[in-house]
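Notes for the one structure printed next.
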Amino acid sequence: MQILHMNKGEGETSYAKNSVVQKKIISVATLMVEAAVVNILREIQPESMGFADLGCSSGPNSLTVVSQMIHAVDATCHQMGRSLPELKVLLNDLPGNDFNHVFELLPELYRKLKDDYGIHEGCYVSGVPGSFYGRLFPVRSLHFVHSSSSLHWLSQVPLSLGAGAGTHLNKEKIYISKSSSTSVIEAYQQQFHEDFSLFLRSRAKEMIIKGRMVLSFMGRMSLDPFADEACYQWELLARALMSLASHGLVEKEMIDSFNAPYYAPSPKEVESEVDKEGSFVMCDVKAFEIEWDVSDSRTLKESTGHRVAKTIRAVVEPMLESHFHLGTDMMDDLFRRYATIIDDCRSERKFKYTNLVVSFIKKG
C-alpha cells in the first residue's frame with residue numbers, strides 16, 4: 001500500500017490547513033447525502049441506523065458529513081413525527097490516518113448534538129482503520145455509506161508499472177499523460193476495475209437491502225483517460241520532479257520508477273462496473289467542476305501556484321517521501337518549483353478538476 005496518510009498535524013503543509021478543495025467537494029454533494037438519508041428513514045424506518053464514512057482522513061472536514069447526516073435525520077424525523085433512531089457512526093481510513101486528531105473533534109460534535117438537536121445519548125462514534133478495498137463491517141450492518149475524495153486512490157500501483165516490474169513503461173511521468181503508451185493506460189484502467197468491483201462487493205455484503213450510498217471522487221467527463229481534467233496536476237508535478245533531476249538533485253531512474261496509485265474514471269466506467277457487479281442501482285450521477293484554487297485570491301498574498309502546491313503537497317507528500325526520501329528542504333524545493341510551474345502555466349489551461357458524485361441504492 002503506497003498511500004500512507006495525508007500530512008498530519010496542523011502545520012503549514014498539513015492536510016488540516018490545506019483541505020479547502022475537499023471541503024468544497026463535500027459541500028456540492030450535500031443534497032445527495034440529505035436525499036439518501038431521507039429515503040432511508042421513509043422507506044426503511046430503522047430503529048437503529050448504521051452510517052459509515054470511508055476515507056474520513058483527519059482535519060476540519062472529518063466530521064462534516066456526520067453533522068450533515070445527523071441534521072437530515074433530525075429534520076426528517078421531526079417531519080414524520082417520530083423519535084430519532086439510534087445512530088452508529090463508523091469512521092474509516094487507513095491505519096496511518098491520525099485518528100487521535102479525529103477523536104479530539106468529538107466533544108464539539110457531542111456538544112452540537114446536545115445544543116442543536118437535544119440529543120443527549122443514542123449516537124455512538126467509532127474508528128475503523130483498514131482499507132475499504134475489502135470487508136470492514138459486519139454483514140447487513142449499514143444503512144448508509146459515504147465516501148468523499150477517496151475512491152480515486154487505487155489499492156496499489158498497477159503491478160506492471162510498479163518499481164519491481166523491471167522495465168519502466170512510463171518514463172519521466174508519474175501518471176497517465178498524453179505521451180503514455182496504451183499499455184500504461186490499460187494497466188491503470190484494469191487496476192481501477194478490479195478495485196472498484198472489490199469495493200462494491202464488500203459494501204454489498206455490509207449494507208442492508210434498500211440501503212443507500214453516496215460516493216464522491218475525482219473523475220472526468222471525457223472518454224480520454226489523458227484529458228487535462230483528469231491528469232494535468234500530475235503532469236505538472238512530473239515536470240517539477242524532472243527539474244530536480246536536471247540539476248542532479250534526484251535520480252531520473254527514481255522518477256521513471258514512480259507512478260501514482262490514482263485513477264480518475266469517467267461516469268461510463270463507473271456505470272459499467274456497477275452493472276457488472278450487480279448489487280447496486282445507480283440512482284444519480286453528477287459531475288462538478290472544481291477550481292484547483294478555491295480561495296479568494298483578492299484577500300491572500302500567496303500566488304495561485306503556491307496555494308495549489310500546498311493543497312497537493314498535503315495529500316501526496318507522504319507518498320513522495322516514501323519513494324524519493326527527499327527530506328524537508330528538498331521537498332520544500334520541489335513544491336516551490338511546482339508552484340512556479342503552475343503560475344507559469346495559468347494562461348495555457350483552465351485549472352479545474354472534475355468531481356463525480358454518485359448515488360446508489362442496494363438491490364433486494
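In the C-alpha cells, the first chain shown is A, the next is B, and so on; residue numbers restart at 1 for each chain, and ligands run from 1 in the order shown.
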
Contacts of region 206-323 of chain A with region 194-202 of chain A up to 8 Å, shortest pair per row, only C-alpha atoms, as JSON lines:
{"residue": "A:Glu206", "atom": "CA", "partner": "A:Ser202", "partner_atom": "CA", "distance": 6.6}
{"residue": "A:Glu273", "atom": "CA", "partner": "A:Ser197", "partner_atom": "CA", "distance": 6.2}
{"residue": "A:Val274", "atom": "CA", "partner": "A:Ser197", "partner_atom": "CA", "distance": 7.5}
{"residue": "A:Glu277", "atom": "CA", "partner": "A:Ser197", "partner_atom": "CA", "distance": 6.3}
{"residue": "A:Ser279", "atom": "CA", "partner": "A:Arg201", "partner_atom": "CA", "distance": 7.5}

Next, dump the selected residues to file, keeping only C-alpha atoms, as a PDB file, in the first residue's frame.
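Result file follows (result.pdb):
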ATOM      1  CA  GLU A 206     -22.231  -4.981   4.681  1.00  0.00           C
ATOM      2  CA  GLU A 273     -18.542  -1.722 -13.086  1.00  0.00           C
ATOM      3  CA  VAL A 274     -21.795  -1.221 -11.171  1.00  0.00           C
ATOM      4  CA  GLU A 277     -21.066  -6.347 -10.078  1.00  0.00           C
ATOM      5  CA  SER A 279     -25.622  -5.435  -6.275  1.00  0.00           C
TER       6      SER A 279
END

Members of region 56-255 of chain A assigned helix (DSSP H, G or I) by DSSP, as a PyMOL selection string: chain A and resi 64-80+99-104+106-117+159-161+182-206+228-246+252-255

Selection near Val285 (chain A), 7 Å with only C-alpha atoms, sequence-local residues under 2 positions removed, as an MDAnalysis selection string: chainID A and resid 287 356:359

Interatomic distance, CA of Phe99 (chain A) to CA of Glu10 (chain A) (Å, one decimal): 13.8 Å

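Our summary of the geometry notes that CA of Ile312 (chain A) is positioned 28.3 Å from CA of Glu271 (chain A).
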
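Proximity to Ser181 (chain A) at 9 Å, evaluated using only C-alpha atoms and with sequence-adjacent residues fewer than 5 positions away removed, yields Leu169, Asn170, Ile176 and Glu186 of chain A.
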
Export of the given selection (all heavy atoms) as a compact mmCIF listing (two decimals), in the first residue's frame:
# COMPACT_ATOMS: atom_id res chain seq x y z
N LEU A 169 7.72 1.55 -17.89
CA LEU A 169 6.88 1.82 -19.06
C LEU A 169 6.41 3.26 -19.15
O LEU A 169 5.88 3.67 -20.19
CB LEU A 169 5.64 0.90 -19.02
CG LEU A 169 5.90 -0.61 -18.98
CD1 LEU A 169 4.58 -1.36 -18.93
CD2 LEU A 169 6.73 -1.05 -20.18
N ASN A 170 6.61 4.04 -18.09
CA ASN A 170 6.04 5.39 -18.05
C ASN A 170 7.12 6.40 -17.69
O ASN A 170 6.98 7.18 -16.76
CB ASN A 170 4.90 5.42 -17.03
CG ASN A 170 3.90 6.53 -17.30
OD1 ASN A 170 3.74 6.98 -18.44
ND2 ASN A 170 3.22 6.98 -16.26
N ILE A 176 -0.81 8.82 -15.90
CA ILE A 176 -1.20 8.83 -17.31
C ILE A 176 -0.98 10.23 -17.88
O ILE A 176 -1.32 11.24 -17.26
CB ILE A 176 -2.68 8.42 -17.46
CG1 ILE A 176 -2.89 6.97 -17.04
CG2 ILE A 176 -3.16 8.63 -18.90
CD1 ILE A 176 -4.35 6.57 -16.93
N GLU A 186 -4.01 1.06 -20.09
CA GLU A 186 -4.77 -0.16 -19.81
C GLU A 186 -4.45 -0.72 -18.43
O GLU A 186 -5.34 -1.27 -17.76
CB GLU A 186 -4.47 -1.20 -20.90
CG GLU A 186 -5.09 -0.85 -22.25
CD GLU A 186 -4.75 -1.87 -23.32
OE1 GLU A 186 -3.84 -2.70 -23.09
OE2 GLU A 186 -5.38 -1.82 -24.40

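Of the residues in region 4-57 of chain A, those that DSSP places in strand (DSSP E) on the basis of the backbone are Ser48, Met49, Gly50, Phe51, Ala52, Asp53 and Leu54 of chain A.
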
Any chance you can output those residues with C-alpha atoms as a compact mmCIF listing (two decimals), in the first residue's frame?
# COMPACT_ATOMS: atom_id res chain seq x y z
CA SER A 48 -31.07 1.86 14.78
CA MET A 49 -29.15 3.34 11.84
CA GLY A 50 -25.60 2.37 10.81
CA PHE A 51 -23.58 5.00 8.95
CA ALA A 52 -20.03 4.57 7.61
CA ASP A 53 -17.81 7.36 6.31
CA LEU A 54 -14.98 5.80 4.31

When you look at Gln233 (chain A) with a cut-off of 9 Å (counting only C-alpha atoms), what residues show up, excluding the ones that are within fewer than 4 positions of it in the same chain? I need them as a short mmCIF file (atom, residue, chain, number, x, y, z; two decimals) with N, CA and C atoms, in the first residue's frame.
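Below is the file part_26.cif, written as the result:
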data_model
loop_
_atom_site.label_atom_id
_atom_site.label_comp_id
_atom_site.auth_asym_id
_atom_site.auth_seq_id
_atom_site.Cartn_x
_atom_site.Cartn_y
_atom_site.Cartn_z
N ASP A 228 -6.95 16.65 -19.72
CA ASP A 228 -6.36 17.54 -18.71
C ASP A 228 -7.13 17.51 -17.40
N GLU A 229 -8.45 17.41 -17.46
CA GLU A 229 -9.27 17.42 -16.25
C GLU A 229 -8.93 16.26 -15.32
N LEU A 237 3.40 18.15 -11.78
CA LEU A 237 4.26 17.65 -10.70
C LEU A 237 5.42 16.84 -11.27
N ALA A 238 5.18 16.10 -12.35
CA ALA A 238 6.27 15.37 -13.02
C ALA A 238 7.31 16.35 -13.56
N TRP A 292 -8.91 24.42 -9.07
CA TRP A 292 -7.74 23.99 -8.31
C TRP A 292 -7.55 24.88 -7.08
N ILE A 312 -1.84 20.24 -2.86
CA ILE A 312 -1.37 18.96 -3.39
C ILE A 312 -0.34 18.34 -2.44
N ILE A 342 3.04 25.96 -12.01
CA ILE A 342 1.59 26.21 -12.05
C ILE A 342 1.31 27.66 -12.43
N PHE A 351 -7.55 25.61 -14.92
CA PHE A 351 -7.16 24.75 -13.79
C PHE A 351 -8.40 24.32 -13.03
N TYR A 353 -10.58 20.69 -11.65
CA TYR A 353 -10.80 19.26 -11.52
C TYR A 353 -12.24 18.96 -11.92
#

Who sits within 12 Å of Phe226 (chain A), only C-alpha atoms, same chain under 5 positions skipped, as a PDB file with all heavy atoms, in the first residue's frame:
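Result file is around_8.pdb:
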ATOM      1  N   TYR A 175       2.034   9.607 -13.846  1.00  0.00           N
ATOM      2  CA  TYR A 175       0.648   9.171 -14.022  1.00  0.00           C
ATOM      3  C   TYR A 175       0.393   9.130 -15.519  1.00  0.00           C
ATOM      4  O   TYR A 175       1.270   9.393 -16.343  1.00  0.00           O
ATOM      5  CB  TYR A 175      -0.314  10.123 -13.297  1.00  0.00           C
ATOM      6  CG  TYR A 175      -1.781   9.749 -13.412  1.00  0.00           C
ATOM      7  CD1 TYR A 175      -2.231   8.497 -12.985  1.00  0.00           C
ATOM      8  CD2 TYR A 175      -2.704  10.617 -13.971  1.00  0.00           C
ATOM      9  CE1 TYR A 175      -3.560   8.132 -13.099  1.00  0.00           C
ATOM     10  CE2 TYR A 175      -4.050  10.267 -14.090  1.00  0.00           C
ATOM     11  CZ  TYR A 175      -4.473   9.023 -13.658  1.00  0.00           C
ATOM     12  OH  TYR A 175      -5.782   8.652 -13.779  1.00  0.00           O
ATOM     13  N   ILE A 176      -0.815   8.820 -15.900  1.00  0.00           N
ATOM     14  CA  ILE A 176      -1.202   8.827 -17.310  1.00  0.00           C
ATOM     15  C   ILE A 176      -0.980  10.227 -17.885  1.00  0.00           C
ATOM     16  O   ILE A 176      -1.318  11.235 -17.259  1.00  0.00           O
ATOM     17  CB  ILE A 176      -2.678   8.424 -17.462  1.00  0.00           C
ATOM     18  CG1 ILE A 176      -2.890   6.968 -17.036  1.00  0.00           C
ATOM     19  CG2 ILE A 176      -3.163   8.632 -18.898  1.00  0.00           C
ATOM     20  CD1 ILE A 176      -4.355   6.571 -16.928  1.00  0.00           C
ATOM     21  N   SER A 177      -0.428  10.283 -19.067  1.00  0.00           N
ATOM     22  CA  SER A 177      -0.263  11.560 -19.772  1.00  0.00           C
ATOM     23  C   SER A 177      -0.511  11.321 -21.256  1.00  0.00           C
ATOM     24  O   SER A 177      -0.694  10.178 -21.700  1.00  0.00           O
ATOM     25  CB  SER A 177       1.141  12.121 -19.555  1.00  0.00           C
ATOM     26  OG  SER A 177       2.088  11.351 -20.277  1.00  0.00           O
ATOM     27  N   LYS A 178      -0.495  12.396 -22.019  1.00  0.00           N
ATOM     28  CA  LYS A 178      -0.737  12.269 -23.458  1.00  0.00           C
ATOM     29  C   LYS A 178       0.343  11.459 -24.155  1.00  0.00           C
ATOM     30  O   LYS A 178       0.129  10.934 -25.248  1.00  0.00           O
ATOM     31  CB  LYS A 178      -0.872  13.662 -24.092  1.00  0.00           C
ATOM     32  CG  LYS A 178      -2.170  14.371 -23.718  1.00  0.00           C
ATOM     33  CD  LYS A 178      -2.263  15.736 -24.369  1.00  0.00           C
ATOM     34  CE  LYS A 178      -3.646  16.351 -24.159  1.00  0.00           C
ATOM     35  NZ  LYS A 178      -3.977  16.547 -22.750  1.00  0.00           N
ATOM     36  N   SER A 179       1.504  11.350 -23.533  1.00  0.00           N
ATOM     37  CA  SER A 179       2.587  10.561 -24.131  1.00  0.00           C
ATOM     38  C   SER A 179       2.634   9.128 -23.614  1.00  0.00           C
ATOM     39  O   SER A 179       3.491   8.348 -24.031  1.00  0.00           O
ATOM     40  CB  SER A 179       3.940  11.242 -23.860  1.00  0.00           C
ATOM     41  OG  SER A 179       4.209  11.286 -22.469  1.00  0.00           O
ATOM     42  N   SER A 180       1.721   8.775 -22.721  1.00  0.00           N
ATOM     43  CA  SER A 180       1.720   7.427 -22.163  1.00  0.00           C
ATOM     44  C   SER A 180       1.308   6.397 -23.219  1.00  0.00           C
ATOM     45  O   SER A 180       0.440   6.657 -24.058  1.00  0.00           O
ATOM     46  CB  SER A 180       0.758   7.325 -20.975  1.00  0.00           C
ATOM     47  OG  SER A 180       1.210   8.107 -19.895  1.00  0.00           O
ATOM     48  N   SER A 181       1.919   5.223 -23.148  1.00  0.00           N
ATOM     49  CA  SER A 181       1.587   4.147 -24.080  1.00  0.00           C
ATOM     50  C   SER A 181       0.228   3.540 -23.728  1.00  0.00           C
ATOM     51  O   SER A 181      -0.299   3.717 -22.619  1.00  0.00           O
ATOM     52  CB  SER A 181       2.660   3.061 -24.029  1.00  0.00           C
ATOM     53  OG  SER A 181       2.661   2.429 -22.756  1.00  0.00           O
ATOM     54  N   THR A 182      -0.321   2.803 -24.666  1.00  0.00           N
ATOM     55  CA  THR A 182      -1.590   2.113 -24.436  1.00  0.00           C
ATOM     56  C   THR A 182      -1.488   1.155 -23.261  1.00  0.00           C
ATOM     57  O   THR A 182      -2.436   1.014 -22.475  1.00  0.00           O
ATOM     58  CB  THR A 182      -2.012   1.339 -25.703  1.00  0.00           C
ATOM     59  OG1 THR A 182      -2.137   2.262 -26.790  1.00  0.00           O
ATOM     60  CG2 THR A 182      -3.329   0.622 -25.493  1.00  0.00           C
ATOM     61  N   VAL A 184       0.253   1.447 -20.554  1.00  0.00           N
ATOM     62  CA  VAL A 184       0.175   2.185 -19.292  1.00  0.00           C
ATOM     63  C   VAL A 184      -1.278   2.525 -18.972  1.00  0.00           C
ATOM     64  O   VAL A 184      -1.765   2.310 -17.851  1.00  0.00           O
ATOM     65  CB  VAL A 184       1.023   3.479 -19.362  1.00  0.00           C
ATOM     66  CG1 VAL A 184       0.738   4.376 -18.150  1.00  0.00           C
ATOM     67  CG2 VAL A 184       2.502   3.137 -19.428  1.00  0.00           C
ATOM     68  N   ILE A 185      -1.998   3.031 -19.960  1.00  0.00           N
ATOM     69  CA  ILE A 185      -3.400   3.387 -19.754  1.00  0.00           C
ATOM     70  C   ILE A 185      -4.221   2.159 -19.386  1.00  0.00           C
ATOM     71  O   ILE A 185      -5.022   2.181 -18.436  1.00  0.00           O
ATOM     72  CB  ILE A 185      -3.967   4.058 -21.023  1.00  0.00           C
ATOM     73  CG1 ILE A 185      -3.251   5.395 -21.275  1.00  0.00           C
ATOM     74  CG2 ILE A 185      -5.474   4.267 -20.896  1.00  0.00           C
ATOM     75  CD1 ILE A 185      -3.589   6.033 -22.603  1.00  0.00           C
ATOM     76  N   GLU A 186      -4.009   1.059 -20.094  1.00  0.00           N
ATOM     77  CA  GLU A 186      -4.768  -0.157 -19.812  1.00  0.00           C
ATOM     78  C   GLU A 186      -4.447  -0.719 -18.433  1.00  0.00           C
ATOM     79  O   GLU A 186      -5.336  -1.274 -17.762  1.00  0.00           O
ATOM     80  CB  GLU A 186      -4.473  -1.201 -20.898  1.00  0.00           C
ATOM     81  CG  GLU A 186      -5.089  -0.846 -22.249  1.00  0.00           C
ATOM     82  CD  GLU A 186      -4.748  -1.866 -23.325  1.00  0.00           C
ATOM     83  OE1 GLU A 186      -3.840  -2.703 -23.091  1.00  0.00           O
ATOM     84  OE2 GLU A 186      -5.382  -1.817 -24.401  1.00  0.00           O
ATOM     85  N   TYR A 188      -3.684   1.032 -15.733  1.00  0.00           N
ATOM     86  CA  TYR A 188      -4.433   1.849 -14.780  1.00  0.00           C
ATOM     87  C   TYR A 188      -5.928   1.509 -14.821  1.00  0.00           C
ATOM     88  O   TYR A 188      -6.579   1.395 -13.780  1.00  0.00           O
ATOM     89  CB  TYR A 188      -4.224   3.328 -15.076  1.00  0.00           C
ATOM     90  CG  TYR A 188      -3.059   3.945 -14.332  1.00  0.00           C
ATOM     91  CD1 TYR A 188      -1.872   4.250 -14.995  1.00  0.00           C
ATOM     92  CD2 TYR A 188      -3.145   4.208 -12.977  1.00  0.00           C
ATOM     93  CE1 TYR A 188      -0.802   4.822 -14.308  1.00  0.00           C
ATOM     94  CE2 TYR A 188      -2.088   4.781 -12.280  1.00  0.00           C
ATOM     95  CZ  TYR A 188      -0.917   5.085 -12.956  1.00  0.00           C
ATOM     96  OH  TYR A 188       0.135   5.638 -12.264  1.00  0.00           O
ATOM     97  N   GLN A 189      -6.461   1.348 -16.012  1.00  0.00           N
ATOM     98  CA  GLN A 189      -7.890   1.030 -16.131  1.00  0.00           C
ATOM     99  C   GLN A 189      -8.204  -0.313 -15.481  1.00  0.00           C
ATOM    100  O   GLN A 189      -9.204  -0.438 -14.769  1.00  0.00           O
ATOM    101  CB  GLN A 189      -8.295   1.025 -17.609  1.00  0.00           C
ATOM    102  CG  GLN A 189      -8.300   2.405 -18.238  1.00  0.00           C
ATOM    103  CD  GLN A 189      -8.576   2.370 -19.730  1.00  0.00           C
ATOM    104  OE1 GLN A 189      -8.176   1.426 -20.428  1.00  0.00           O
ATOM    105  NE2 GLN A 189      -9.261   3.385 -20.233  1.00  0.00           N
ATOM    106  N   GLY A 219     -12.842  12.529 -11.113  1.00  0.00           N
ATOM    107  CA  GLY A 219     -13.138  11.768 -12.316  1.00  0.00           C
ATOM    108  C   GLY A 219     -12.925  12.636 -13.540  1.00  0.00           C
ATOM    109  O   GLY A 219     -12.151  13.600 -13.516  1.00  0.00           O
ATOM    110  N   ARG A 220     -13.627  12.284 -14.590  1.00  0.00           N
ATOM    111  CA  ARG A 220     -13.522  13.067 -15.829  1.00  0.00           C
ATOM    112  C   ARG A 220     -14.803  12.873 -16.624  1.00  0.00           C
ATOM    113  O   ARG A 220     -15.450  11.823 -16.517  1.00  0.00           O
ATOM    114  CB  ARG A 220     -12.314  12.621 -16.654  1.00  0.00           C
ATOM    115  CG  ARG A 220     -12.420  11.217 -17.197  1.00  0.00           C
ATOM    116  CD  ARG A 220     -11.174  10.787 -17.962  1.00  0.00           C
ATOM    117  NE  ARG A 220     -11.438   9.609 -18.782  1.00  0.00           N
ATOM    118  CZ  ARG A 220     -11.401   8.368 -18.350  1.00  0.00           C
ATOM    119  NH1 ARG A 220     -11.076   8.109 -17.080  1.00  0.00           N
ATOM    120  NH2 ARG A 220     -11.673   7.360 -19.178  1.00  0.00           N
ATOM    121  N   MET A 221     -15.175  13.860 -17.418  1.00  0.00           N
ATOM    122  CA  MET A 221     -16.309  13.717 -18.324  1.00  0.00           C
ATOM    123  C   MET A 221     -15.864  13.181 -19.675  1.00  0.00           C
ATOM    124  O   MET A 221     -16.605  12.509 -20.377  1.00  0.00           O
ATOM    125  CB  MET A 221     -17.021  15.057 -18.495  1.00  0.00           C
ATOM    126  CG  MET A 221     -17.769  15.509 -17.243  1.00  0.00           C
ATOM    127  SD  MET A 221     -18.919  14.245 -16.627  1.00  0.00           S
ATOM    128  CE  MET A 221     -20.081  14.151 -18.007  1.00  0.00           C
ATOM    129  N   CYS A 231      -5.658  14.573 -15.344  1.00  0.00           N
ATOM    130  CA  CYS A 231      -4.250  14.278 -15.066  1.00  0.00           C
ATOM    131  C   CYS A 231      -3.298  15.460 -15.134  1.00  0.00           C
ATOM    132  O   CYS A 231      -2.087  15.286 -14.925  1.00  0.00           O
ATOM    133  CB  CYS A 231      -3.752  13.179 -15.992  1.00  0.00           C
ATOM    134  SG  CYS A 231      -3.954  13.519 -17.743  1.00  0.00           S
ATOM    135  N   TYR A 232      -3.767  16.677 -15.386  1.00  0.00           N
ATOM    136  CA  TYR A 232      -2.824  17.779 -15.590  1.00  0.00           C
ATOM    137  C   TYR A 232      -2.038  18.117 -14.328  1.00  0.00           C
ATOM    138  O   TYR A 232      -0.881  18.524 -14.389  1.00  0.00           O
ATOM    139  CB  TYR A 232      -3.569  19.013 -16.105  1.00  0.00           C
ATOM    140  CG  TYR A 232      -2.656  20.049 -16.733  1.00  0.00           C
ATOM    141  CD1 TYR A 232      -1.713  19.684 -17.688  1.00  0.00           C
ATOM    142  CD2 TYR A 232      -2.753  21.391 -16.377  1.00  0.00           C
ATOM    143  CE1 TYR A 232      -0.889  20.630 -18.270  1.00  0.00           C
ATOM    144  CE2 TYR A 232      -1.928  22.339 -16.952  1.00  0.00           C
ATOM    145  CZ  TYR A 232      -0.999  21.953 -17.898  1.00  0.00           C
ATOM    146  OH  TYR A 232      -0.170  22.884 -18.477  1.00  0.00           O
ATOM    147  N   GLN A 233      -2.654  17.940 -13.152  1.00  0.00           N
ATOM    148  CA  GLN A 233      -1.919  18.227 -11.917  1.00  0.00           C
ATOM    149  C   GLN A 233      -0.716  17.303 -11.761  1.00  0.00           C
ATOM    150  O   GLN A 233       0.343  17.697 -11.255  1.00  0.00           O
ATOM    151  CB  GLN A 233      -2.842  18.135 -10.688  1.00  0.00           C
ATOM    152  CG  GLN A 233      -3.316  16.744 -10.302  1.00  0.00           C
ATOM    153  CD  GLN A 233      -4.589  16.331 -11.014  1.00  0.00           C
ATOM    154  OE1 GLN A 233      -4.844  16.750 -12.138  1.00  0.00           O
ATOM    155  NE2 GLN A 233      -5.396  15.502 -10.357  1.00  0.00           N
ATOM    156  N   TRP A 234      -0.869  16.054 -12.212  1.00  0.00           N
ATOM    157  CA  TRP A 234       0.246  15.093 -12.166  1.00  0.00           C
ATOM    158  C   TRP A 234       1.294  15.418 -13.218  1.00  0.00           C
ATOM    159  O   TRP A 234       2.492  15.219 -12.996  1.00  0.00           O
ATOM    160  CB  TRP A 234      -0.278  13.673 -12.368  1.00  0.00           C
ATOM    161  CG  TRP A 234      -1.211  13.215 -11.304  1.00  0.00           C
ATOM    162  CD1 TRP A 234      -2.563  13.054 -11.409  1.00  0.00           C
ATOM    163  CD2 TRP A 234      -0.872  12.855  -9.953  1.00  0.00           C
ATOM    164  NE1 TRP A 234      -3.089  12.613 -10.214  1.00  0.00           N
ATOM    165  CE2 TRP A 234      -2.082  12.479  -9.307  1.00  0.00           C
ATOM    166  CE3 TRP A 234       0.320  12.807  -9.233  1.00  0.00           C
ATOM    167  CZ2 TRP A 234      -2.120  12.068  -7.980  1.00  0.00           C
ATOM    168  CZ3 TRP A 234       0.286  12.403  -7.915  1.00  0.00           C
ATOM    169  CH2 TRP A 234      -0.914  12.040  -7.297  1.00  0.00           C
ATOM    170  N   GLU A 235       0.854  15.892 -14.381  1.00  0.00           N
ATOM    171  CA  GLU A 235       1.789  16.286 -15.433  1.00  0.00           C
ATOM    172  C   GLU A 235       2.725  17.386 -14.943  1.00  0.00           C
ATOM    173  O   GLU A 235       3.947  17.331 -15.148  1.00  0.00           O
ATOM    174  CB  GLU A 235       1.001  16.767 -16.657  1.00  0.00           C
ATOM    175  CG  GLU A 235       1.839  17.365 -17.772  1.00  0.00           C
ATOM    176  CD  GLU A 235       2.633  16.324 -18.545  1.00  0.00           C
ATOM    177  OE1 GLU A 235       2.239  15.146 -18.524  1.00  0.00           O
ATOM    178  OE2 GLU A 235       3.645  16.699 -19.161  1.00  0.00           O
ATOM    179  N   TYR A 263      -6.583   7.001 -10.076  1.00  0.00           N
ATOM    180  CA  TYR A 263      -7.267   6.908 -11.358  1.00  0.00           C
ATOM    181  C   TYR A 263      -8.539   7.733 -11.293  1.00  0.00           C
ATOM    182  O   TYR A 263      -9.326   7.615 -10.344  1.00  0.00           O
ATOM    183  CB  TYR A 263      -7.610   5.467 -11.723  1.00  0.00           C
ATOM    184  CG  TYR A 263      -8.169   5.337 -13.121  1.00  0.00           C
ATOM    185  CD1 TYR A 263      -7.337   5.500 -14.231  1.00  0.00           C
ATOM    186  CD2 TYR A 263      -9.516   5.088 -13.336  1.00  0.00           C
ATOM    187  CE1 TYR A 263      -7.849   5.402 -15.520  1.00  0.00           C
ATOM    188  CE2 TYR A 263     -10.035   4.981 -14.619  1.00  0.00           C
ATOM    189  CZ  TYR A 263      -9.187   5.144 -15.707  1.00  0.00           C
ATOM    190  OH  TYR A 263      -9.693   5.061 -16.992  1.00  0.00           O
ATOM    191  N   ALA A 264      -8.752   8.577 -12.310  1.00  0.00           N
ATOM    192  CA  ALA A 264      -9.944   9.417 -12.396  1.00  0.00           C
ATOM    193  C   ALA A 264     -10.861   8.838 -13.469  1.00  0.00           C
ATOM    194  O   ALA A 264     -10.632   9.046 -14.667  1.00  0.00           O
ATOM    195  CB  ALA A 264      -9.549  10.861 -12.747  1.00  0.00           C
ATOM    196  N   PRO A 265     -11.894   8.089 -13.079  1.00  0.00           N
ATOM    197  CA  PRO A 265     -12.742   7.403 -14.065  1.00  0.00           C
ATOM    198  C   PRO A 265     -13.789   8.320 -14.677  1.00  0.00           C
ATOM    199  O   PRO A 265     -14.103   9.396 -14.150  1.00  0.00           O
ATOM    200  CB  PRO A 265     -13.416   6.316 -13.227  1.00  0.00           C
ATOM    201  CG  PRO A 265     -13.553   6.955 -11.875  1.00  0.00           C
ATOM    202  CD  PRO A 265     -12.313   7.782 -11.695  1.00  0.00           C
ATOM    203  N   SER A 266     -14.342   7.854 -15.761  1.00  0.00           N
ATOM    204  CA  SER A 266     -15.488   8.532 -16.372  1.00  0.00           C
ATOM    205  C   SER A 266     -16.772   7.937 -15.804  1.00  0.00           C
ATOM    206  O   SER A 266     -16.774   6.814 -15.276  1.00  0.00           O
ATOM    207  CB  SER A 266     -15.466   8.332 -17.890  1.00  0.00           C
ATOM    208  OG  SER A 266     -15.699   6.965 -18.205  1.00  0.00           O
TER     209      SER A 266
END

Point-to-point distance from CA of Asp93 (chain A) to CA of Leu136 (chain A), Å rounded to tenths: 10.5 Å

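Closest approach to Pro129 (chain A) among A:Gln22, A:Ser57, A:Thr13, A:Thr354: A:Ser57, based on only C-alpha atoms.
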
Test item: residues at most 8 Å from Pro158 (chain A), only C-alpha atoms, excluding those fewer than 5 positions along its chain, as a VMD selection string: chain A and resid 187 to 188 191 261

For Val145 (chain A), the nearest of the candidates A:Gly55, A:Pro267, A:Pro318, A:Gly248, counting only C-alpha atoms: A:Gly55
